[in-house]
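The file start14.txt contains compact mmCIF, N, CA and C atoms:
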```
# COMPACT_ATOMS: atom_id res chain seq x y z
N GLN J 19 48.89 40.12 -142.86
CA GLN J 19 50.12 39.94 -142.08
C GLN J 19 50.47 41.24 -141.37
N VAL J 20 50.69 41.13 -140.08
CA VAL J 20 51.00 42.30 -139.26
C VAL J 20 52.50 42.57 -139.32
N GLU J 21 52.83 43.81 -139.56
CA GLU J 21 54.24 44.21 -139.57
C GLU J 21 54.42 45.39 -138.64
N VAL J 22 55.46 45.31 -137.82
CA VAL J 22 55.75 46.34 -136.82
C VAL J 22 57.13 46.94 -137.12
N VAL J 23 57.18 48.25 -137.24
CA VAL J 23 58.45 48.91 -137.55
C VAL J 23 58.65 50.09 -136.61
N GLU J 24 59.74 50.06 -135.85
CA GLU J 24 60.07 51.16 -134.95
C GLU J 24 61.09 52.09 -135.60
N SER J 25 61.09 53.32 -135.15
CA SER J 25 62.09 54.29 -135.59
C SER J 25 62.21 55.38 -134.55
N GLY J 26 63.26 56.18 -134.68
CA GLY J 26 63.42 57.34 -133.80
C GLY J 26 64.52 57.22 -132.77
N GLY J 27 65.12 56.06 -132.65
CA GLY J 27 66.19 55.91 -131.67
C GLY J 27 67.41 56.73 -132.04
N SER J 28 68.13 57.16 -131.01
CA SER J 28 69.31 58.00 -131.25
C SER J 28 70.15 58.07 -129.99
N SER J 29 71.23 58.80 -130.07
CA SER J 29 72.07 59.08 -128.91
C SER J 29 71.79 60.49 -128.43
N VAL J 30 71.54 60.64 -127.14
CA VAL J 30 71.24 61.95 -126.56
C VAL J 30 71.95 62.10 -125.23
N GLU J 31 72.04 63.32 -124.76
CA GLU J 31 72.60 63.56 -123.43
C GLU J 31 71.50 63.45 -122.39
N ALA J 32 71.92 63.16 -121.18
CA ALA J 32 70.97 63.08 -120.06
C ALA J 32 70.18 64.39 -119.97
N GLY J 33 68.88 64.24 -119.71
CA GLY J 33 68.00 65.39 -119.66
C GLY J 33 67.32 65.71 -120.98
N GLY J 34 67.78 65.08 -122.03
CA GLY J 34 67.23 65.32 -123.35
C GLY J 34 65.94 64.56 -123.60
N SER J 35 65.43 64.72 -124.82
CA SER J 35 64.17 64.09 -125.20
C SER J 35 64.29 63.39 -126.55
N LEU J 36 63.44 62.41 -126.74
CA LEU J 36 63.33 61.71 -128.01
C LEU J 36 61.87 61.35 -128.22
N ARG J 37 61.52 61.10 -129.47
CA ARG J 37 60.21 60.54 -129.77
C ARG J 37 60.40 59.33 -130.68
N LEU J 38 59.91 58.22 -130.20
CA LEU J 38 59.94 56.98 -130.96
C LEU J 38 58.62 56.80 -131.69
N SER J 39 58.70 56.20 -132.86
CA SER J 39 57.51 55.90 -133.64
C SER J 39 57.40 54.41 -133.88
N CYS J 40 56.17 53.94 -133.90
CA CYS J 40 55.90 52.53 -134.16
C CYS J 40 54.80 52.46 -135.20
N GLU J 41 55.14 52.03 -136.39
CA GLU J 41 54.16 51.86 -137.45
C GLU J 41 53.77 50.39 -137.52
N ILE J 42 52.47 50.15 -137.43
CA ILE J 42 51.96 48.78 -137.48
C ILE J 42 50.99 48.67 -138.63
N SER J 43 51.29 47.81 -139.56
CA SER J 43 50.39 47.60 -140.70
C SER J 43 49.73 46.23 -140.59
N GLY J 44 48.57 46.12 -141.22
CA GLY J 44 47.85 44.85 -141.20
C GLY J 44 47.24 44.51 -139.85
N TYR J 45 47.03 45.49 -139.00
CA TYR J 45 46.58 45.28 -137.63
C TYR J 45 45.19 45.87 -137.43
N ASP J 46 44.35 45.19 -136.63
CA ASP J 46 43.00 45.66 -136.36
C ASP J 46 43.04 46.67 -135.21
N TYR J 47 42.86 47.94 -135.52
CA TYR J 47 42.94 48.98 -134.50
C TYR J 47 41.62 49.22 -133.78
N ASN J 48 40.56 48.51 -134.17
CA ASN J 48 39.29 48.67 -133.45
C ASN J 48 39.44 48.22 -132.00
N THR J 49 40.16 47.16 -131.82
CA THR J 49 40.50 46.69 -130.48
C THR J 49 42.00 46.47 -130.47
N HIS J 50 42.71 47.26 -129.70
CA HIS J 50 44.16 47.13 -129.79
C HIS J 50 44.84 47.35 -128.45
N CYS J 51 45.98 46.75 -128.39
CA CYS J 51 46.85 46.91 -127.24
C CYS J 51 48.27 46.91 -127.78
N ILE J 52 48.93 48.03 -127.65
CA ILE J 52 50.26 48.20 -128.21
C ILE J 52 51.20 48.66 -127.11
N GLY J 53 52.32 48.01 -127.01
CA GLY J 53 53.25 48.31 -125.93
C GLY J 53 54.64 48.64 -126.41
N TRP J 54 55.35 49.39 -125.59
CA TRP J 54 56.76 49.64 -125.79
C TRP J 54 57.54 48.92 -124.69
N PHE J 55 58.61 48.27 -125.11
CA PHE J 55 59.46 47.54 -124.20
C PHE J 55 60.90 47.97 -124.43
N ARG J 56 61.74 47.72 -123.45
CA ARG J 56 63.15 48.02 -123.65
C ARG J 56 64.00 46.90 -123.06
N GLN J 57 65.19 46.78 -123.64
CA GLN J 57 66.09 45.71 -123.19
C GLN J 57 67.52 46.19 -123.22
N VAL J 58 68.22 45.86 -122.16
CA VAL J 58 69.65 46.12 -122.05
C VAL J 58 70.34 44.77 -122.10
N PRO J 59 71.48 44.66 -122.79
CA PRO J 59 72.18 43.36 -122.85
C PRO J 59 72.40 42.78 -121.46
N GLY J 60 72.07 41.50 -121.32
CA GLY J 60 72.25 40.82 -120.06
C GLY J 60 71.08 40.95 -119.11
N ARG J 61 70.06 41.70 -119.51
CA ARG J 61 68.90 41.87 -118.65
C ARG J 61 67.63 41.48 -119.41
N VAL J 62 66.59 41.17 -118.66
CA VAL J 62 65.33 40.79 -119.29
C VAL J 62 64.68 42.03 -119.90
N ARG J 63 63.87 41.77 -120.89
CA ARG J 63 63.15 42.86 -121.53
C ARG J 63 62.02 43.32 -120.60
N GLU J 64 61.89 44.63 -120.44
CA GLU J 64 60.89 45.15 -119.51
C GLU J 64 59.87 46.02 -120.24
N GLY J 65 58.65 45.95 -119.77
CA GLY J 65 57.60 46.79 -120.33
C GLY J 65 57.74 48.22 -119.87
N VAL J 66 57.50 49.16 -120.76
CA VAL J 66 57.66 50.57 -120.47
C VAL J 66 56.31 51.29 -120.47
N ALA J 67 55.54 51.08 -121.52
CA ALA J 67 54.26 51.77 -121.66
C ALA J 67 53.34 50.98 -122.56
N VAL J 68 52.05 51.10 -122.31
CA VAL J 68 51.04 50.40 -123.09
C VAL J 68 49.92 51.36 -123.45
N PHE J 69 49.47 51.28 -124.70
CA PHE J 69 48.33 52.07 -125.17
C PHE J 69 47.26 51.09 -125.61
N PHE J 70 46.03 51.27 -125.15
CA PHE J 70 45.02 50.27 -125.46
C PHE J 70 43.65 50.90 -125.65
N ARG J 71 42.83 50.20 -126.42
CA ARG J 71 41.48 50.66 -126.70
C ARG J 71 40.65 49.48 -127.16
N SER J 72 39.38 49.47 -126.73
CA SER J 72 38.45 48.44 -127.16
C SER J 72 37.20 49.07 -127.74
N GLY J 73 36.99 48.94 -129.03
CA GLY J 73 35.80 49.44 -129.67
C GLY J 73 35.61 50.93 -129.46
N VAL J 74 34.43 51.32 -128.94
CA VAL J 74 34.10 52.73 -128.77
C VAL J 74 34.58 53.28 -127.43
N VAL J 75 35.13 52.42 -126.59
CA VAL J 75 35.65 52.89 -125.32
C VAL J 75 36.87 53.76 -125.57
N ALA J 76 36.96 54.86 -124.86
CA ALA J 76 38.10 55.76 -125.03
C ALA J 76 39.41 55.04 -124.78
N SER J 77 40.41 55.43 -125.51
CA SER J 77 41.71 54.82 -125.34
C SER J 77 42.31 55.20 -123.99
N SER J 78 43.26 54.40 -123.55
CA SER J 78 43.92 54.66 -122.28
C SER J 78 45.35 54.16 -122.37
N SER J 79 46.10 54.40 -121.32
CA SER J 79 47.49 54.01 -121.31
C SER J 79 47.92 53.66 -119.90
N THR J 80 49.00 52.92 -119.81
CA THR J 80 49.59 52.58 -118.52
C THR J 80 51.10 52.55 -118.68
N TYR J 81 51.82 52.77 -117.57
CA TYR J 81 53.26 52.92 -117.62
C TYR J 81 53.96 52.16 -116.51
N ALA J 82 55.20 51.83 -116.76
CA ALA J 82 56.04 51.31 -115.69
C ALA J 82 56.36 52.45 -114.73
N ASP J 83 56.51 52.13 -113.46
CA ASP J 83 56.75 53.16 -112.45
C ASP J 83 57.99 54.00 -112.76
N ALA J 84 59.00 53.37 -113.33
CA ALA J 84 60.27 54.08 -113.56
C ALA J 84 60.16 55.19 -114.59
N VAL J 85 59.09 55.16 -115.41
CA VAL J 85 59.01 56.13 -116.50
C VAL J 85 57.73 56.95 -116.50
N LYS J 86 56.79 56.69 -115.61
CA LYS J 86 55.45 57.24 -115.75
C LYS J 86 55.38 58.75 -115.67
N THR J 87 56.35 59.39 -115.07
CA THR J 87 56.33 60.86 -115.03
C THR J 87 57.14 61.48 -116.15
N ARG J 88 57.79 60.65 -116.96
CA ARG J 88 58.71 61.18 -117.99
C ARG J 88 58.36 60.74 -119.41
N PHE J 89 57.67 59.62 -119.57
CA PHE J 89 57.35 59.11 -120.89
C PHE J 89 55.86 59.24 -121.14
N LYS J 90 55.50 59.37 -122.41
CA LYS J 90 54.09 59.44 -122.77
C LYS J 90 53.86 58.67 -124.06
N ILE J 91 52.91 57.76 -124.03
CA ILE J 91 52.56 56.98 -125.21
C ILE J 91 51.29 57.54 -125.80
N SER J 92 51.23 57.58 -127.12
CA SER J 92 50.06 58.12 -127.78
C SER J 92 49.91 57.49 -129.15
N LYS J 93 48.74 57.70 -129.76
CA LYS J 93 48.49 57.19 -131.09
C LYS J 93 47.95 58.30 -131.96
N ASP J 94 48.46 58.36 -133.17
CA ASP J 94 47.94 59.28 -134.16
C ASP J 94 46.66 58.70 -134.73
N SER J 95 45.53 59.41 -134.54
CA SER J 95 44.24 58.86 -134.96
C SER J 95 44.14 58.73 -136.48
N ALA J 96 44.96 59.47 -137.21
CA ALA J 96 44.89 59.43 -138.66
C ALA J 96 45.88 58.44 -139.27
N LYS J 97 46.76 57.94 -138.45
CA LYS J 97 47.80 57.04 -138.95
C LYS J 97 47.87 55.77 -138.11
N ASP J 98 48.39 54.75 -138.67
CA ASP J 98 48.60 53.51 -137.91
C ASP J 98 49.95 53.58 -137.21
N THR J 99 50.08 54.59 -136.39
CA THR J 99 51.36 54.86 -135.75
C THR J 99 51.15 55.18 -134.27
N VAL J 100 51.96 54.56 -133.45
CA VAL J 100 51.97 54.82 -132.02
C VAL J 100 53.31 55.45 -131.67
N TYR J 101 53.26 56.47 -130.81
CA TYR J 101 54.47 57.19 -130.45
C TYR J 101 54.81 56.98 -128.97
N LEU J 102 56.08 57.10 -128.69
CA LEU J 102 56.52 57.14 -127.30
C LEU J 102 57.40 58.36 -127.15
N GLN J 103 56.90 59.34 -126.41
CA GLN J 103 57.66 60.55 -126.12
C GLN J 103 58.46 60.33 -124.85
N LEU J 104 59.76 60.49 -124.94
CA LEU J 104 60.65 60.26 -123.81
C LEU J 104 61.30 61.59 -123.42
N ASP J 105 61.01 62.06 -122.25
CA ASP J 105 61.56 63.32 -121.74
C ASP J 105 62.42 63.05 -120.50
N SER J 106 63.26 64.02 -120.19
CA SER J 106 64.13 63.93 -119.01
C SER J 106 64.87 62.60 -118.98
N LEU J 107 65.46 62.27 -120.10
CA LEU J 107 66.11 60.97 -120.22
C LEU J 107 67.30 60.83 -119.28
N LYS J 108 67.47 59.62 -118.81
CA LYS J 108 68.56 59.26 -117.90
C LYS J 108 69.42 58.19 -118.54
N PRO J 109 70.67 58.08 -118.13
CA PRO J 109 71.52 57.02 -118.69
C PRO J 109 70.90 55.63 -118.56
N GLU J 110 70.17 55.40 -117.48
CA GLU J 110 69.56 54.08 -117.29
C GLU J 110 68.39 53.83 -118.23
N ASP J 111 68.00 54.83 -119.01
CA ASP J 111 66.98 54.62 -120.03
C ASP J 111 67.57 54.05 -121.31
N SER J 112 68.88 53.97 -121.39
CA SER J 112 69.53 53.44 -122.58
C SER J 112 69.12 51.98 -122.81
N GLY J 113 69.04 51.61 -124.06
CA GLY J 113 68.70 50.24 -124.40
C GLY J 113 68.05 50.16 -125.76
N MET J 114 67.71 48.94 -126.13
CA MET J 114 66.97 48.72 -127.37
C MET J 114 65.50 48.78 -127.04
N TYR J 115 64.78 49.62 -127.74
CA TYR J 115 63.35 49.79 -127.51
C TYR J 115 62.56 49.07 -128.60
N PHE J 116 61.62 48.26 -128.16
CA PHE J 116 60.79 47.46 -129.05
C PHE J 116 59.33 47.88 -128.93
N CYS J 117 58.65 47.82 -130.05
CA CYS J 117 57.21 48.00 -130.08
C CYS J 117 56.57 46.65 -130.33
N ALA J 118 55.44 46.40 -129.68
CA ALA J 118 54.77 45.12 -129.85
C ALA J 118 53.26 45.31 -129.77
N ALA J 119 52.54 44.39 -130.39
CA ALA J 119 51.09 44.48 -130.41
C ALA J 119 50.46 43.14 -130.03
N LYS J 120 49.35 43.25 -129.31
CA LYS J 120 48.58 42.06 -128.95
C LYS J 120 47.43 41.94 -129.94
N GLU J 121 47.03 40.70 -130.21
CA GLU J 121 45.98 40.47 -131.20
C GLU J 121 44.63 40.31 -130.53
N ASN J 122 43.63 41.06 -131.05
CA ASN J 122 42.24 40.87 -130.65
C ASN J 122 41.96 41.05 -129.17
N THR J 123 42.68 41.94 -128.54
CA THR J 123 42.42 42.21 -127.14
C THR J 123 42.91 43.61 -126.78
N ALA J 124 42.23 44.21 -125.85
CA ALA J 124 42.65 45.52 -125.37
C ALA J 124 43.05 45.46 -123.91
N ILE J 125 43.30 44.27 -123.40
CA ILE J 125 43.69 44.14 -122.00
C ILE J 125 45.14 44.58 -121.87
N PRO J 126 45.41 45.64 -121.12
CA PRO J 126 46.78 46.14 -121.04
C PRO J 126 47.67 45.25 -120.20
N SER J 127 48.91 45.18 -120.60
CA SER J 127 49.88 44.39 -119.83
C SER J 127 51.28 44.82 -120.21
N LEU J 128 52.16 44.81 -119.23
CA LEU J 128 53.57 45.07 -119.48
C LEU J 128 54.36 43.77 -119.57
N ASN J 129 53.65 42.67 -119.67
CA ASN J 129 54.27 41.36 -119.78
C ASN J 129 54.54 41.05 -121.26
N GLU J 130 55.78 40.96 -121.61
CA GLU J 130 56.17 40.78 -123.01
C GLU J 130 55.61 39.49 -123.60
N TYR J 131 55.40 38.48 -122.78
CA TYR J 131 55.00 37.17 -123.29
C TYR J 131 53.56 37.17 -123.79
N LEU J 132 52.82 38.20 -123.51
CA LEU J 132 51.43 38.28 -123.94
C LEU J 132 51.27 38.98 -125.30
N TYR J 133 52.37 39.39 -125.90
CA TYR J 133 52.32 40.13 -127.16
C TYR J 133 52.63 39.22 -128.33
N ASP J 134 51.91 39.48 -129.43
CA ASP J 134 51.96 38.59 -130.58
C ASP J 134 52.89 39.05 -131.69
N PHE J 135 53.01 40.36 -131.86
CA PHE J 135 53.75 40.90 -133.00
C PHE J 135 54.81 41.87 -132.49
N TRP J 136 56.02 41.74 -133.03
CA TRP J 136 57.14 42.54 -132.55
C TRP J 136 57.90 43.18 -133.70
N GLY J 137 58.47 44.34 -133.43
CA GLY J 137 59.39 44.96 -134.36
C GLY J 137 60.82 44.56 -134.06
N GLN J 138 61.74 45.10 -134.84
CA GLN J 138 63.15 44.77 -134.70
C GLN J 138 63.86 45.63 -133.66
N GLY J 139 63.24 46.70 -133.24
CA GLY J 139 63.82 47.53 -132.20
C GLY J 139 64.55 48.75 -132.73
N THR J 140 64.68 49.74 -131.87
CA THR J 140 65.44 50.95 -132.19
C THR J 140 66.26 51.32 -130.95
N GLN J 141 67.51 51.69 -131.14
CA GLN J 141 68.45 51.86 -130.04
C GLN J 141 68.45 53.29 -129.50
N ILE J 142 68.41 53.39 -128.17
CA ILE J 142 68.57 54.68 -127.50
C ILE J 142 69.78 54.60 -126.59
N THR J 143 70.64 55.60 -126.70
CA THR J 143 71.81 55.71 -125.83
C THR J 143 71.79 57.08 -125.18
N VAL J 144 71.76 57.09 -123.85
CA VAL J 144 71.74 58.34 -123.10
C VAL J 144 73.05 58.49 -122.37
N SER J 145 73.78 59.53 -122.68
CA SER J 145 75.08 59.75 -122.06
C SER J 145 74.95 60.73 -120.89
N SER J 146 75.79 60.50 -119.89
CA SER J 146 75.74 61.36 -118.70
C SER J 146 76.60 62.59 -118.87
```

Would you mind writing the file out in structure tokens?
Amino acid sequence: QVEVVESGGSSVEAGGSLRLSCEISGYDYNTHCIGWFRQVPGRVREGVAVFFRSGVVASSSTYADAVKTRFKISKDSAKDTVYLQLDSLKPEDSGMYFCAAKENTAIPSLNEYLYDFWGQGTQITVSS
């Protein structure tokens, strides 16, 4: 059984930084696609960043345009944990951040409907 647990959300001032963690247990990391999404009340959930790898092919990542120069997704090779480093935070980055994983595929996508396993989310609030 796959379990996804996010942590690291907090309240910060604009321009600050945070690092979110996503621990996924029971998941096959030989071929993986793990994404971070965020949601603001009243708006659809949007993809932020994706980390993916298939077998021996080197891992890679992709980002939403709004965050690609400020956020960085990575994976700890020794742990079943994926991180999202958020720098130069803006008030519009506020929201609930979710981690999700796709099963048996490394095809990257920022489309939430393609993900199989989700965490409960961690809240980020950026004040101006």

field: Which of J:Thr99, J:Ser92, J:Thr87, J:Thr143 sits closest to J:Ser112 [using only N, CA and C atoms]
entry: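 The shortest atom-to-atom distance to J:Ser112 comes from J:Thr143.
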
- request: Extract, using only C-alpha atoms, all DNA, RNA and protein residues at most 9 Å from J:Gln138, discarding same-chain residues fewer than 5 positions from it, and format them as a VMD selection string.
  value: chain J and resid 22 to 24 115 to 117

- prompt: With only N, CA and C atoms as the atoms that count, which of J:Val144, J:Leu107, J:Leu128, J:Cys51 lies nearest to J:Glu64?
  reply: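 So, comparing all the options, the nearest one is J:Leu128.
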
- request: Find the residues around J:Asp83 up to 8 Å (only N, CA and C atoms counted), leave out those fewer than 4 positions away in its own chain, and share them as an MDAnalysis selection string.
  value: chainID J and resid 65:66 87:88

query: Pick the closest to J:Pro126 from J:Leu104, J:Val68, J:Met114, J:Val85: which is it, counting only N, CA and C atoms?
result: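 Answer, going by the shortest atom-to-atom distance: J:Val68.
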
Distance of atom C of J:Lys108 from atom N of J:Ser29, expressed in Å to one decimal place: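 Distance reported for this atom pair: 11.7 Å.
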
task: Identify the residues around (53.8, 37.3, -128.8) within a radius of 12 Å, measuring from only C-alpha atoms in the coordinates stated by the file, and give them as a PyMOL selection string.
output: chain J and resi 20+51-53+117-121+129-137
